[in-house]
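Visitor: This structure is in structure tokens; I'll ask about it shortly.
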2 protein chains.
Amino acid sequence: MANRYVTIKDIARTLNISVATVSRALRDTYDVSDNTRKLVLAAAEKMNYRPNFNATGLVKRTTHKIAVIIPSITNYYFSTVITGIQSFAASNGYQVILYLTNDSPEWEARTVKELSLSSIDGVLACVTSNTNNFEHFQELIDAGLPVILFDRLVQSLKTSTVMQDDYNGACIATEHLIANGYHRIAHITGPAKLSLTEIRLKGFLDTLKRFNLNSHGVQHSGFSKEDGENDLNAIWCDTNPPDAIFAVNDRKAVGAIIGLQKKGIEIGRQVGVVGFTNDPISEIIKPALTTVAEPAFEIGKTACQLLIKHIEKPSTANQQIVLPSELIVRKSTTRNL
Amino acid sequence: MANRYVTIKDIARTLNISVATVSRALRDTYDVSDNTRKLVLAAAEKMNYRPNFNATGLVKRTTHKIAVIIPSITNYYFSTVITGIQSFAASNGYQVILYLTNDSPEWEARTVKELSLSSIDGVLACVTSNTNNFEHFQELIDAGLPVILFDRLVQSLKTSTVMQDDYNGACIATEHLIANGYHRIAHITGPAKLSLTEIRLKGFLDTLKRFNLNSHGVQHSGFSKEDGENDLNAIWCDTNPPDAIFAVNDRKAVGAIIGLQKKGIEIGRQVGVVGFTNDPISEIIKPALTTVAEPAFEIGKTACQLLIKHIEKPSTANQQIVLPSELIVRKSTTRNL
DNA sequence: AATAGTAGCGAGAACGTTCTCGAAAACCAA
DNA sequence: TTGGTTTTCGAGAACGTTCTCGCTACTATT
């Protein structure tokens with residue numbers, strides 16, 4: 001545009017030295033004298049010099065930018081993951097470019113296809129909940145770009161992943177219900193085929209089997225509060241209703257609680273409810289929601305750390321990291337309030 | 001790194017034409033024949049060519065990147081604003097670089113100072129709640145970079161702003177309380193000196209005066225749920241307690257409700273509570289929270305739109321946009337439940 | 001047929017930085 | 001002194017684009 005910024009050449013001209021020397025001084029390389037280094041730094045400071053990342057990126061073939069591709073950020077889990085990512089990225093000199101897919105496979109595919117490979121160093125992604133075509137991500141990987149998936153994994157993509165412990169989380173949630181005397185347990189969950197759905201479902205079913213119990217119904221749908229309420233109504237039957245609901249996330253659990261309360265059912269005493277995430281809302285809703293806490297911030301931080309490792313040491317092998325989930329017991333699974 | 005991507009030169013070589021022609025064909029300029037244009041586009045597609053934004057940015061002095069600097073994203077308002085920003089930016093070919101300040105003035109100052117002016121085209125910012133030194137932003141503006149503030153404005157910075165209607169929002173909230181028979185109204189709010197705090201406080205006090213009422217206490221602190229509960233306890237006195245609480249945001253309102261319930265007070269019938277934001281939690285808490293809805297998505301979208309206008313037409317004058325707030329009445333201000 | 005105009009393309013500079021190479025200057029040991 | 005090493009620096013190419021200029025060949029006009 002109209003204004004041009006101070007460049008390395010301007011510094012060189014005012015100091016009457018070469019651009020190469022200025023460049024060296026600014027980058028703290030060894031072969032420049034203390035004296036000229038000080039002169040250069042002082043001039044840069046005074047002239048308010050800022051490096052041009054387009055130029056450095058062009059010659060170094062590196063941009064110090066990472067792309068984060070994620071369905072949305074208006075929920076606790078994703079916004080916390082991003083906070084973890086941004087925090088680690090910033091303190092390591094990387095910038096975060098944010099892409100939202102609105103959980104739409106078409107948006108996701110377009111976003112990935114339009115990604116300028118040369119303007120990012122790596123990708124951190126959480127796929128949409130209803131894709132089964134991942135070739136756009138495969139193209140990125142084929143092009144040699146480090147890609148790390150979190151929260152939702154994709155079997156067909158050979159790449160590093162960072163996940164919460166979905167299986168164990170589902171197990172301890174189910175065990176907790178059983179231990180508290182709930183034996184007719186239903187599960188309301190996300191879209192089938194989504195890794196997180198499948199794994200939590202398996203943890204749920206395996207645990208039931210371990211205690212010689214049968215599932216009291218499994219309902220698949222989306223992840224919203226409204227989906228939770230609908231799912232509850234779908235699995236409910238007045239003759240033989242479940243006595244506990246295990247929800248795939250806290251928003252659906254909240255929906256289930258709302259649905260149950262509309263039916264005049266007392267949460268905890270009559271029907272236990274367990275969520276997953278540890279969204280702040282689980283503390284506020286009455287009764288407070290028992291839930292499996294995911295280490296969202298840590299997942300973001302770890303994923304970013306791993307990505308930067310892959311970027312700076314491209315030979316690093318793919319790695320699958322699983323971070324522990326933890327049960328947080330509250331009133332929604334207490335029989336006597 | 002190890003892998004180099006397909007460049008315009010590669011296309012030129014395989015097609016046996018010059019790089020200039022390839023560049024023209026890809027950019028759809030007029031002086032290239034239909035035939036070669038088709039050849040180039042086909043080759044680009046087949047070779048999986050992606051433009052190098054470092055190179056284009058270097059010559060065009062534009063990056064199609066905007067920086068968003070914001071205290072945090074783990075709350076409804078900010079995450080929704082960013083969704084609005086990202087949505088508009090993406091559909092206009094701009095990328096969003098996310099910077100979080102954790103509401104720390106030091107982090108903010110460092111972030112802004114380290115911003116490479118040449119690697120972004122503009123800035124969208126919401127300042128921290130406790131800064132009074134804004135010279136780092138002034139430097140950006142002085143350097144000619146378009147800067148737009150939202151949510152929190154700074155008198156001393158002469159730049160465009162996009163805001164919700166804080167004044168009117170506070171007025172209608174207070175009027176609503178008065179109309180419903182609450183006359184001993186206290187206000188729990190954010191840090192003093194913050195624009196949003198001051199403006200909402202003024203709306204509150206002006207409205208009281210208009211009805212010949214006195215404030216029943218004003219408490220300043222942070223924006224969290226815990227701050228809300230603390231503020232409530234600070235203004236509470238058993239001999240002459242307030243009969244309504246107007247909170248600067250929904251999280252503090254929720255904190256106040258929790259505090260009131262701990263005292264055994266019935267929300268609505270005994271003490272009315274009004275929040276600000278329309279956080280999803282206001283629908284879920286019992287009783288549901290009356291609140292002033294802010295058009296968060298619209299604020300983000302409008303701010304981004306205005307920024308892009310400033311970027312693409314630098315002569316555009318500064319503009320102050322205020323988007324309407326709207327009262328949403330729920331149970332927390334209903335006298336008979 | 002001569003001239004002017006235009007469509008299509010190539011050569012080469014430029015953007016701001018880093019990198020490689022080599023040369024000058026300074027120092028040191030013998 | 002000599003020769004060698006080190007320190008410090010400059011010249012110029014390179015990164016992948018766009019842009020300006022100018023050239024050729026074709027078409028249109030007179």
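By order in the structure tokens, chains are A, B, ...; within a chain, residues start at 1; ligands start at 1, following the order shown.
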Using only C-alpha atoms (C1' of nucleotides), which residues sit within 10 Å of DA30 of chain C once same-chain residues fewer than 2 positions away are excluded, as a list in words?

Guide: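 Listed by chain and then number, they are DC28 of chain C; DT2 and DG3 of chain D.
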
Visitor: Would you mind listing what lies within 12 Å of DG22 of chain D as number ranges by chain, with only C-alpha atoms (C1' of nucleotides) counted and same-chain residues fewer than 2 positions away left out?

Guide: C: 9-12; D: 20, 24

Visitor: I need the residues from that last selection saved to file as a short mmCIF file (atom, residue, chain, number, x, y, z; two decimals), in the first residue's frame (with C-alpha atoms (C1' of nucleotides)), if you can.

Guide:
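So the final result, stored in part-v2.cif, reads:
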data_model
loop_
_atom_site.label_atom_id
_atom_site.label_comp_id
_atom_site.auth_asym_id
_atom_site.auth_seq_id
_atom_site.Cartn_x
_atom_site.Cartn_y
_atom_site.Cartn_z
"C1'" DC C 9 4.05 -13.20 -25.12
"C1'" DG C 10 9.12 -12.91 -23.16
"C1'" DA C 11 13.09 -10.61 -20.73
"C1'" DG C 12 14.43 -8.77 -16.79
"C1'" DT D 20 6.94 -2.83 -16.72
"C1'" DT D 24 6.57 -9.98 -32.78
#

Visitor: Smallest atom-to-atom distance to Phe88 of chain A: which of A:Gly300, A:Gln319, A:Ala125, A:Leu327, using only C-alpha atoms?

Guide: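 Nearest candidate to Phe88 of chain A out of A:Gly300, A:Gln319, A:Ala125, A:Leu327: A:Gly300.
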
Visitor: Show me, as JSON lines, the residues of chain A having an atom within 7 Å of chain B, each with the closest atom pair and its distance in Å, using only C-alpha atoms.

Guide:
{"residue": "A:Met1", "atom": "CA", "partner": "B:Arg61", "partner_atom": "CA", "distance": 6.3}
{"residue": "A:Asn3", "atom": "CA", "partner": "B:Gly144", "partner_atom": "CA", "distance": 6.8}
{"residue": "A:Arg50", "atom": "CA", "partner": "B:Ser116", "partner_atom": "CA", "distance": 5.6}
{"residue": "A:Pro51", "atom": "CA", "partner": "B:Ser116", "partner_atom": "CA", "distance": 6.2}
{"residue": "A:Asn52", "atom": "CA", "partner": "B:Ser118", "partner_atom": "CA", "distance": 5.4}
{"residue": "A:Phe53", "atom": "CA", "partner": "B:Ser119", "partner_atom": "CA", "distance": 5.8}
{"residue": "A:Asn54", "atom": "CA", "partner": "B:Asn54", "partner_atom": "CA", "distance": 4.3}
{"residue": "A:Ala55", "atom": "CA", "partner": "B:Leu58", "partner_atom": "CA", "distance": 6.3}
{"residue": "A:Gly57", "atom": "CA", "partner": "B:Asn54", "partner_atom": "CA", "distance": 6.2}
{"residue": "A:Leu58", "atom": "CA", "partner": "B:Asn54", "partner_atom": "CA", "distance": 5.6}
{"residue": "A:Arg61", "atom": "CA", "partner": "B:Met1", "partner_atom": "CA", "distance": 6.3}
{"residue": "A:Ile73", "atom": "CA", "partner": "B:Ser79", "partner_atom": "CA", "distance": 5.9}
{"residue": "A:Thr74", "atom": "CA", "partner": "B:Ser79", "partner_atom": "CA", "distance": 5.2}
{"residue": "A:Tyr76", "atom": "CA", "partner": "B:Thr74", "partner_atom": "CA", "distance": 6.3}
{"residue": "A:Ser79", "atom": "CA", "partner": "B:Thr74", "partner_atom": "CA", "distance": 5.2}
{"residue": "A:Thr80", "atom": "CA", "partner": "B:Thr74", "partner_atom": "CA", "distance": 6.1}
{"residue": "A:Gln95", "atom": "CA", "partner": "B:Ile97", "partner_atom": "CA", "distance": 6.7}
{"residue": "A:Val96", "atom": "CA", "partner": "B:Ile97", "partner_atom": "CA", "distance": 5.5}
{"residue": "A:Ile97", "atom": "CA", "partner": "B:Ile97", "partner_atom": "CA", "distance": 4.4}
{"residue": "A:Leu98", "atom": "CA", "partner": "B:Val96", "partner_atom": "CA", "distance": 5.7}
{"residue": "A:Ser116", "atom": "CA", "partner": "B:Arg50", "partner_atom": "CA", "distance": 5.6}
{"residue": "A:Leu117", "atom": "CA", "partner": "B:Arg50", "partner_atom": "CA", "distance": 6.7}
{"residue": "A:Ser118", "atom": "CA", "partner": "B:Asn52", "partner_atom": "CA", "distance": 5.4}
{"residue": "A:Ser119", "atom": "CA", "partner": "B:Phe53", "partner_atom": "CA", "distance": 5.8}
{"residue": "A:Gly144", "atom": "CA", "partner": "B:Asn3", "partner_atom": "CA", "distance": 6.7}
{"residue": "A:Ile281", "atom": "CA", "partner": "B:Ile281", "partner_atom": "CA", "distance": 6.9}
{"residue": "A:Ile284", "atom": "CA", "partner": "B:Ile285", "partner_atom": "CA", "distance": 6.8}
{"residue": "A:Ile285", "atom": "CA", "partner": "B:Ile285", "partner_atom": "CA", "distance": 5.8}

Visitor: Please find the residues of chain D near chain B - the criterion being any atom within 10 Å, counting only C-alpha atoms (C1' of nucleotides) - and write them as a ChimeraX atom specification.

Guide: /D:15-19

Visitor: Specify as a PyMOL selection string all residues of chain C found within 8 Å of chain B, counting only C-alpha atoms (C1' of nucleotides).

Guide: chain C and resi 7-10+14-16

Visitor: Contacts of segment 200-211 of chain A at 6 Å or less, counting only C-alpha atoms (C1' of nucleotides), minus same-chain residues fewer than 6 places along, as a ChimeraX atom specification?

Guide: /A:166-167,170-171,174

Visitor: Can I get the selected residues back with N, CA, C and O atoms, as an mmCIF file, in the first residue's frame?

Guide:
data_model
loop_
_atom_site.group_PDB
_atom_site.id
_atom_site.type_symbol
_atom_site.label_atom_id
_atom_site.label_comp_id
_atom_site.auth_asym_id
_atom_site.auth_seq_id
_atom_site.Cartn_x
_atom_site.Cartn_y
_atom_site.Cartn_z
ATOM 1 N N ASP A 166 -10.670 -41.656 25.464
ATOM 2 C CA ASP A 166 -12.106 -41.846 25.310
ATOM 3 C C ASP A 166 -12.563 -43.194 25.861
ATOM 4 O O ASP A 166 -13.606 -43.281 26.509
ATOM 5 N N TYR A 167 -11.769 -44.208 25.583
ATOM 6 C CA TYR A 167 -12.189 -45.549 26.007
ATOM 7 C C TYR A 167 -12.265 -45.626 27.524
ATOM 8 O O TYR A 167 -13.299 -45.959 28.095
ATOM 9 N N ALA A 170 -15.078 -43.586 29.078
ATOM 10 C CA ALA A 170 -16.391 -44.217 29.003
ATOM 11 C C ALA A 170 -16.495 -45.344 30.017
ATOM 12 O O ALA A 170 -17.545 -45.543 30.649
ATOM 13 N N CYS A 171 -15.397 -46.057 30.207
ATOM 14 C CA CYS A 171 -15.407 -47.167 31.174
ATOM 15 C C CYS A 171 -15.648 -46.657 32.593
ATOM 16 O O CYS A 171 -16.518 -47.162 33.299
ATOM 17 N N THR A 174 -19.186 -45.478 33.119
ATOM 18 C CA THR A 174 -20.147 -46.575 33.219
ATOM 19 C C THR A 174 -19.997 -47.319 34.552
ATOM 20 O O THR A 174 -20.987 -47.624 35.237
#
